[in-house]
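**Student:** Data: target.tsv, TSV, C-alpha atoms.
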```
chain	number	residue	atom	x	y	z
A	1	MET	CA	166.29	69.35	93.62
A	2	ALA	CA	169.22	68.48	91.34
A	3	VAL	CA	170.33	64.89	90.91
A	4	THR	CA	173.71	64.39	92.60
A	5	SER	CA	176.33	61.84	91.58
A	6	ALA	CA	179.58	60.87	93.24
A	7	ALA	CA	182.68	60.06	91.21
A	8	LEU	CA	186.26	58.87	91.55
A	9	LEU	CA	189.10	60.47	89.61
A	10	ILE	CA	191.78	57.80	89.63
A	11	HIS	CA	195.20	59.13	88.66
A	12	ARG	CA	198.74	57.86	88.29
A	13	ASP	CA	202.15	59.23	87.35
A	14	ARG	CA	203.75	57.46	84.36
A	15	PRO	CA	207.23	58.80	83.61
A	16	PRO	CA	208.07	60.18	81.14
A	17	ALA	CA	204.44	60.77	80.09
A	18	GLY	CA	203.49	62.36	83.41
A	19	LEU	CA	200.09	62.53	85.02
A	20	GLU	CA	197.39	60.24	83.62
A	21	VAL	CA	193.72	59.99	84.59
A	22	PHE	CA	191.29	57.12	84.17
A	23	LEU	CA	188.05	57.85	82.29
A	24	VAL	CA	185.14	55.69	81.12
A	25	HIS	CA	183.02	55.87	78.00
A	26	PRO	CA	179.25	55.50	78.41
A	27	GLY	CA	177.63	52.47	76.82
A	28	GLY	CA	174.48	52.26	74.75
A	29	PRO	CA	173.53	53.30	71.24
A	30	PHE	CA	173.35	57.05	71.91
A	31	TRP	CA	177.05	57.18	72.83
A	32	ALA	CA	178.38	54.59	70.37
A	33	ARG	CA	179.77	57.12	67.87
A	34	LYS	CA	180.54	59.95	70.29
A	35	ASP	CA	184.05	60.53	71.62
A	36	ALA	CA	185.18	64.10	72.31
A	37	GLY	CA	183.24	65.40	75.30
A	38	ALA	CA	181.56	62.03	75.94
A	39	TRP	CA	183.96	60.40	78.41
A	40	SER	CA	183.38	60.67	82.13
A	41	LEU	CA	184.63	59.87	85.57
A	42	PRO	CA	183.06	56.62	86.83
A	43	LYS	CA	180.10	57.98	88.80
A	44	GLY	CA	176.60	57.35	90.03
A	45	GLU	CA	173.78	58.81	92.03
A	46	PHE	CA	173.61	58.77	95.79
A	47	GLY	CA	171.02	59.74	98.35
A	48	PRO	CA	171.07	62.29	101.17
A	49	ASP	CA	171.82	59.64	103.81
A	50	GLU	CA	174.80	58.10	101.97
A	51	ASP	CA	178.41	59.19	102.33
A	52	PRO	CA	179.49	60.59	98.92
A	53	LEU	CA	182.92	58.91	99.01
A	54	ASP	CA	181.33	55.54	99.82
A	55	ALA	CA	178.90	56.08	96.94
A	56	ALA	CA	181.75	56.98	94.57
A	57	ARG	CA	183.63	53.80	95.51
A	58	ARG	CA	180.47	51.69	95.03
A	59	GLU	CA	179.72	53.23	91.66
A	60	PHE	CA	183.31	52.75	90.50
A	61	ALA	CA	183.02	49.02	91.26
A	62	GLU	CA	179.64	48.75	89.51
A	63	GLU	CA	180.77	50.58	86.38
A	64	THR	CA	184.17	48.95	86.00
A	65	GLY	CA	183.85	45.54	87.68
A	66	GLN	CA	186.98	46.40	89.70
A	67	GLU	CA	187.49	47.60	93.24
A	68	PRO	CA	188.83	51.16	93.36
A	69	PRO	CA	192.38	51.66	94.62
A	70	ASP	CA	192.86	51.96	98.36
A	71	GLY	CA	194.45	55.01	99.83
A	72	PRO	CA	193.70	58.55	100.83
A	73	SER	CA	191.28	60.61	98.78
A	74	VAL	CA	191.10	64.31	98.01
A	75	ASP	CA	187.69	65.95	97.75
A	76	LEU	CA	187.68	67.90	94.47
A	77	GLY	CA	184.31	69.53	95.11
A	78	GLU	CA	181.34	69.71	92.79
A	79	VAL	CA	180.49	70.74	89.24
A	80	ARG	CA	177.12	71.17	87.58
A	81	GLN	CA	176.71	69.52	84.20
A	82	ARG	CA	174.71	71.13	81.39
A	83	GLY	CA	171.65	68.96	82.13
A	84	GLY	CA	171.66	70.08	85.77
A	85	LYS	CA	173.22	67.01	87.37
A	86	VAL	CA	175.71	67.85	90.13
A	87	VAL	CA	178.84	65.69	90.24
A	88	ARG	CA	181.05	65.53	93.33
A	89	ALA	CA	184.47	63.98	92.74
A	90	PHE	CA	187.21	62.49	94.86
A	91	ALA	CA	190.76	61.92	93.60
A	92	ILE	CA	192.65	58.74	94.50
A	93	ARG	CA	196.13	57.78	93.34
A	94	GLY	CA	196.25	54.23	92.00
A	95	ASP	CA	196.04	51.95	89.02
A	96	VAL	CA	193.23	49.99	87.39
A	97	ASP	CA	193.20	47.70	84.37
A	98	ALA	CA	191.43	49.63	81.62
A	99	ALA	CA	191.20	46.50	79.46
A	100	ALA	CA	189.32	44.56	82.14
A	101	ILE	CA	186.15	46.69	82.32
A	102	VAL	CA	183.02	44.69	83.12
A	103	SER	CA	180.14	47.09	83.68
A	104	ASN	CA	176.67	46.72	85.08
A	105	THR	CA	173.91	47.04	82.48
A	106	PHE	CA	170.70	48.98	81.82
A	107	GLN	CA	167.69	48.30	79.63
A	108	MET	CA	166.12	50.60	77.08
A	109	GLN	CA	163.83	50.33	74.12
A	110	TRP	CA	165.97	50.00	71.01
A	111	PRO	CA	165.46	50.87	68.24
A	112	PRO	CA	163.20	53.71	69.41
A	113	LYS	CA	159.46	52.97	69.28
A	114	SER	CA	160.19	49.31	68.37
A	115	GLY	CA	158.76	47.88	71.56
A	116	THR	CA	161.96	45.82	71.91
A	117	LEU	CA	163.88	46.13	75.17
A	118	ARG	CA	167.62	45.64	74.85
A	119	GLU	CA	170.33	45.53	77.47
A	120	PHE	CA	173.47	47.68	77.22
A	121	PRO	CA	176.53	48.13	79.45
A	122	GLU	CA	176.49	51.34	81.46
A	123	VAL	CA	180.18	51.73	80.52
A	124	ASP	CA	181.55	50.18	77.33
A	125	ARG	CA	185.26	50.89	77.90
A	126	GLY	CA	187.81	52.65	80.06
A	127	GLU	CA	191.11	54.25	79.18
A	128	TRP	CA	194.03	56.15	80.69
A	129	PHE	CA	194.65	59.62	79.26
A	130	GLY	CA	197.26	62.29	79.73
A	131	VAL	CA	195.67	65.46	81.11
A	132	ASP	CA	195.68	67.36	77.80
A	133	GLU	CA	193.91	64.51	76.00
A	134	ALA	CA	191.54	64.00	78.95
A	135	VAL	CA	190.42	67.63	78.69
A	136	ARG	CA	189.42	66.97	75.06
A	137	ARG	CA	187.62	63.70	75.81
A	138	ILE	CA	185.83	64.36	79.13
A	139	ASN	CA	182.37	65.84	79.62
A	140	PRO	CA	183.06	69.61	79.50
A	141	ALA	CA	181.73	70.30	83.01
A	142	GLN	CA	183.82	67.50	84.50
A	143	ALA	CA	186.95	68.94	82.88
A	144	GLU	CA	187.02	71.39	85.82
A	145	PHE	CA	188.15	68.51	88.04
A	146	LEU	CA	191.46	68.22	86.15
A	147	PRO	CA	192.97	71.57	87.22
A	148	ARG	CA	191.61	70.95	90.71
A	149	LEU	CA	193.52	67.66	90.74
A	150	ALA	CA	196.69	69.40	89.52
A	151	ASP	CA	196.32	72.03	92.25
A	152	ALA	CA	195.83	69.35	94.92
A	153	LEU	CA	198.87	67.41	93.72
A	154	SER	CA	201.08	70.51	93.64
A	155	ALA	CA	199.91	71.36	97.17
A	156	GLY	CA	200.93	67.87	98.30
A	157	ARG	CA	197.46	66.83	99.45
```
Turn this file's structure into structure tokens for me.
**Tutor:**
Amino acid sequence: MAVTSAALLIHRDRPPAGLEVFLVHPGGPFWARKDAGAWSLPKGEFGPDEDPLDAARREFAEETGQEPPDGPSVDLGEVRQRGGKVVRAFAIRGDVDAAAIVSNTFQMQWPPKSGTLREFPEVDRGEWFGVDEAVRRINPAQAEFLPRLADALSAGR
């Protein structure tokens, strides 16, 4: 069975720039020098007995150190990433402070085969992007959420 994660796509309208979306960059040494295609929606795994939107809100708080914006959400459906993980996303209009990211951490052996465990932030930074730039930066599978967001906004949902 595929691993399933829930995510929030926080968006805002910033005239004259237009629609912006909030993305996070994964922490740890593997991602340190990667940019295009490396960014993601704040997300995390959830179990079969957990509400996906509740999980997405929890994971947002864990990965950013901030409570997600209140307000109605729009279910943007699911995408399957190249590694097989399924991501289900919900869009919420709001604002968060990208400079105030304080993420939870994970441990891994680093350098490889050194026997030394080091701790790294799950997310090392967050940033607001216009949609065109977000398409370039985001994980390619998650990029599908951006036109879905645009469709939902144009439909007034």
**Student:** Identify which of the residues A:Phe129, A:Phe145, A:Phe120, A:Phe106 lies closest to Pro29 in chain A, counting all atoms listed in the file when measuring atom-to-atom distances.
**Tutor:**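 Of A:Phe129, A:Phe145, A:Phe120, A:Phe106, the one nearest Pro29 in chain A is A:Phe120, counting all atoms listed in the file.
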**Student:** What lies within 12 Å of Glu119 in chain A using all atoms listed in the file, ignoring chain neighbours under 6 positions off, as a short mmCIF file (atom, residue, chain, number, x, y, z; two decimals) with C-alpha atoms, keeping the file's coordinate frame?
**Tutor:**
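Result file follows (around26.cif):
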```cif
data_model
loop_
_atom_site.label_atom_id
_atom_site.label_comp_id
_atom_site.auth_asym_id
_atom_site.auth_seq_id
_atom_site.Cartn_x
_atom_site.Cartn_y
_atom_site.Cartn_z
CA GLY A 27 177.63 52.47 76.82
CA GLY A 28 174.48 52.26 74.75
CA PRO A 29 173.53 53.30 71.24
CA SER A 103 180.14 47.09 83.68
CA ASN A 104 176.67 46.72 85.08
CA THR A 105 173.91 47.04 82.48
CA PHE A 106 170.70 48.98 81.82
CA GLN A 107 167.69 48.30 79.63
CA MET A 108 166.12 50.60 77.08
CA GLN A 109 163.83 50.33 74.12
CA TRP A 110 165.97 50.00 71.01
CA PRO A 111 165.46 50.87 68.24
#
```
**Student:** Quick one: which range 84-145 of chain A residues come within 9 Å of range 66-73 of chain A, and what is the nearest atom pair for each with the distance in Å to one decimal, counting all atoms listed in the file, rows ordered by chain and ascending number, as JSON lines?
**Tutor:**
```
{"residue": "A:Phe90", "atom": "CA", "partner": "A:Ser73", "partner_atom": "CA", "distance": 6.0}
{"residue": "A:Ala91", "atom": "CA", "partner": "A:Ser73", "partner_atom": "CA", "distance": 5.4}
{"residue": "A:Ile92", "atom": "CA", "partner": "A:Ser73", "partner_atom": "CA", "distance": 4.9}
{"residue": "A:Arg93", "atom": "CA", "partner": "A:Gly71", "partner_atom": "CA", "distance": 7.3}
{"residue": "A:Gly94", "atom": "CA", "partner": "A:Pro69", "partner_atom": "CA", "distance": 5.3}
{"residue": "A:Asp95", "atom": "CA", "partner": "A:Pro69", "partner_atom": "CA", "distance": 6.7}
{"residue": "A:Val96", "atom": "CA", "partner": "A:Pro69", "partner_atom": "CA", "distance": 7.5}
{"residue": "A:Asp97", "atom": "CA", "partner": "A:Gln66", "partner_atom": "CA", "distance": 8.3}
{"residue": "A:Ala100", "atom": "CA", "partner": "A:Gln66", "partner_atom": "CA", "distance": 8.1}
{"residue": "A:Ile101", "atom": "CA", "partner": "A:Gln66", "partner_atom": "CA", "distance": 7.4}
{"residue": "A:Val102", "atom": "CA", "partner": "A:Gln66", "partner_atom": "CA", "distance": 7.9}
```
**Student:** I'd like the contact shell of range 80-89 of chain A - 9 Å cut-off, all atoms listed in the file, skipping same-chain residues fewer than 3 positions apart - returned as a list in words.
**Tutor:**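 My list of contacting residues is Ala2, Val3, Thr4, Ser5, Ala6, Ala7, Leu8, Leu9, Leu41, Lys43, Gly44, Glu45, Pro52, Leu53, Ala56, Val74, Asp75, Leu76, Gly77, Asn139, Pro140, Ala141, Gln142 and Phe145 of chain A.
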**Student:** For C-alpha atoms, I'd like the residues from the last selection saved as a PDB file, keeping the file's coordinate frame.
**Tutor:**
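Final output, saved to selection24.pdb:
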```pdb
ATOM      1  CA  ALA A   2     169.220  68.480  91.340  1.00  0.00           C
ATOM      2  CA  VAL A   3     170.330  64.890  90.910  1.00  0.00           C
ATOM      3  CA  THR A   4     173.710  64.390  92.600  1.00  0.00           C
ATOM      4  CA  SER A   5     176.330  61.840  91.580  1.00  0.00           C
ATOM      5  CA  ALA A   6     179.580  60.870  93.240  1.00  0.00           C
ATOM      6  CA  ALA A   7     182.680  60.060  91.210  1.00  0.00           C
ATOM      7  CA  LEU A   8     186.260  58.870  91.550  1.00  0.00           C
ATOM      8  CA  LEU A   9     189.100  60.470  89.610  1.00  0.00           C
ATOM      9  CA  LEU A  41     184.630  59.870  85.570  1.00  0.00           C
ATOM     10  CA  LYS A  43     180.100  57.980  88.800  1.00  0.00           C
ATOM     11  CA  GLY A  44     176.600  57.350  90.030  1.00  0.00           C
ATOM     12  CA  GLU A  45     173.780  58.810  92.030  1.00  0.00           C
ATOM     13  CA  PRO A  52     179.490  60.590  98.920  1.00  0.00           C
ATOM     14  CA  LEU A  53     182.920  58.910  99.010  1.00  0.00           C
ATOM     15  CA  ALA A  56     181.750  56.980  94.570  1.00  0.00           C
ATOM     16  CA  VAL A  74     191.100  64.310  98.010  1.00  0.00           C
ATOM     17  CA  ASP A  75     187.690  65.950  97.750  1.00  0.00           C
ATOM     18  CA  LEU A  76     187.680  67.900  94.470  1.00  0.00           C
ATOM     19  CA  GLY A  77     184.310  69.530  95.110  1.00  0.00           C
ATOM     20  CA  ASN A 139     182.370  65.840  79.620  1.00  0.00           C
ATOM     21  CA  PRO A 140     183.060  69.610  79.500  1.00  0.00           C
ATOM     22  CA  ALA A 141     181.730  70.300  83.010  1.00  0.00           C
ATOM     23  CA  GLN A 142     183.820  67.500  84.500  1.00  0.00           C
ATOM     24  CA  PHE A 145     188.150  68.510  88.040  1.00  0.00           C
TER      25      PHE A 145
END
```
**Student:** Looking at all atoms listed in the file, which of A:Gly47, A:Arg57, A:Ala38, A:Gly18 is the one that sits closest to Asp132 in chain A?
**Tutor:**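 Closest to Asp132 in chain A, using all atoms listed in the file: A:Gly18.
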**Student:** What gap, in Å, lies between CA of Glu62 in chain A and CA of Ala36 in chain A?
**Tutor:**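 Taking CA of Glu62 in chain A and CA of Ala36 in chain A, their separation equals 23.7 Å.
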**Student:** Report the distance between CA of Leu153 in chain A and CA of Asp51 in chain A in Å, rounded to one decimal place.
**Tutor:**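 A separation of 23.7 Å between them.
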**Student:** For CA of Lys34 in chain A and CA of Leu146 in chain A, determine how far apart the two atoms are, in Å to one decimal place.
**Tutor:** 21.0 Å
**Student:** Smallest atom-to-atom distance to Glu122 in chain A: which of A:Ala99, A:Ala17, A:Ile10, A:Ala32, using only C-alpha atoms?
**Tutor:** A:Ala32
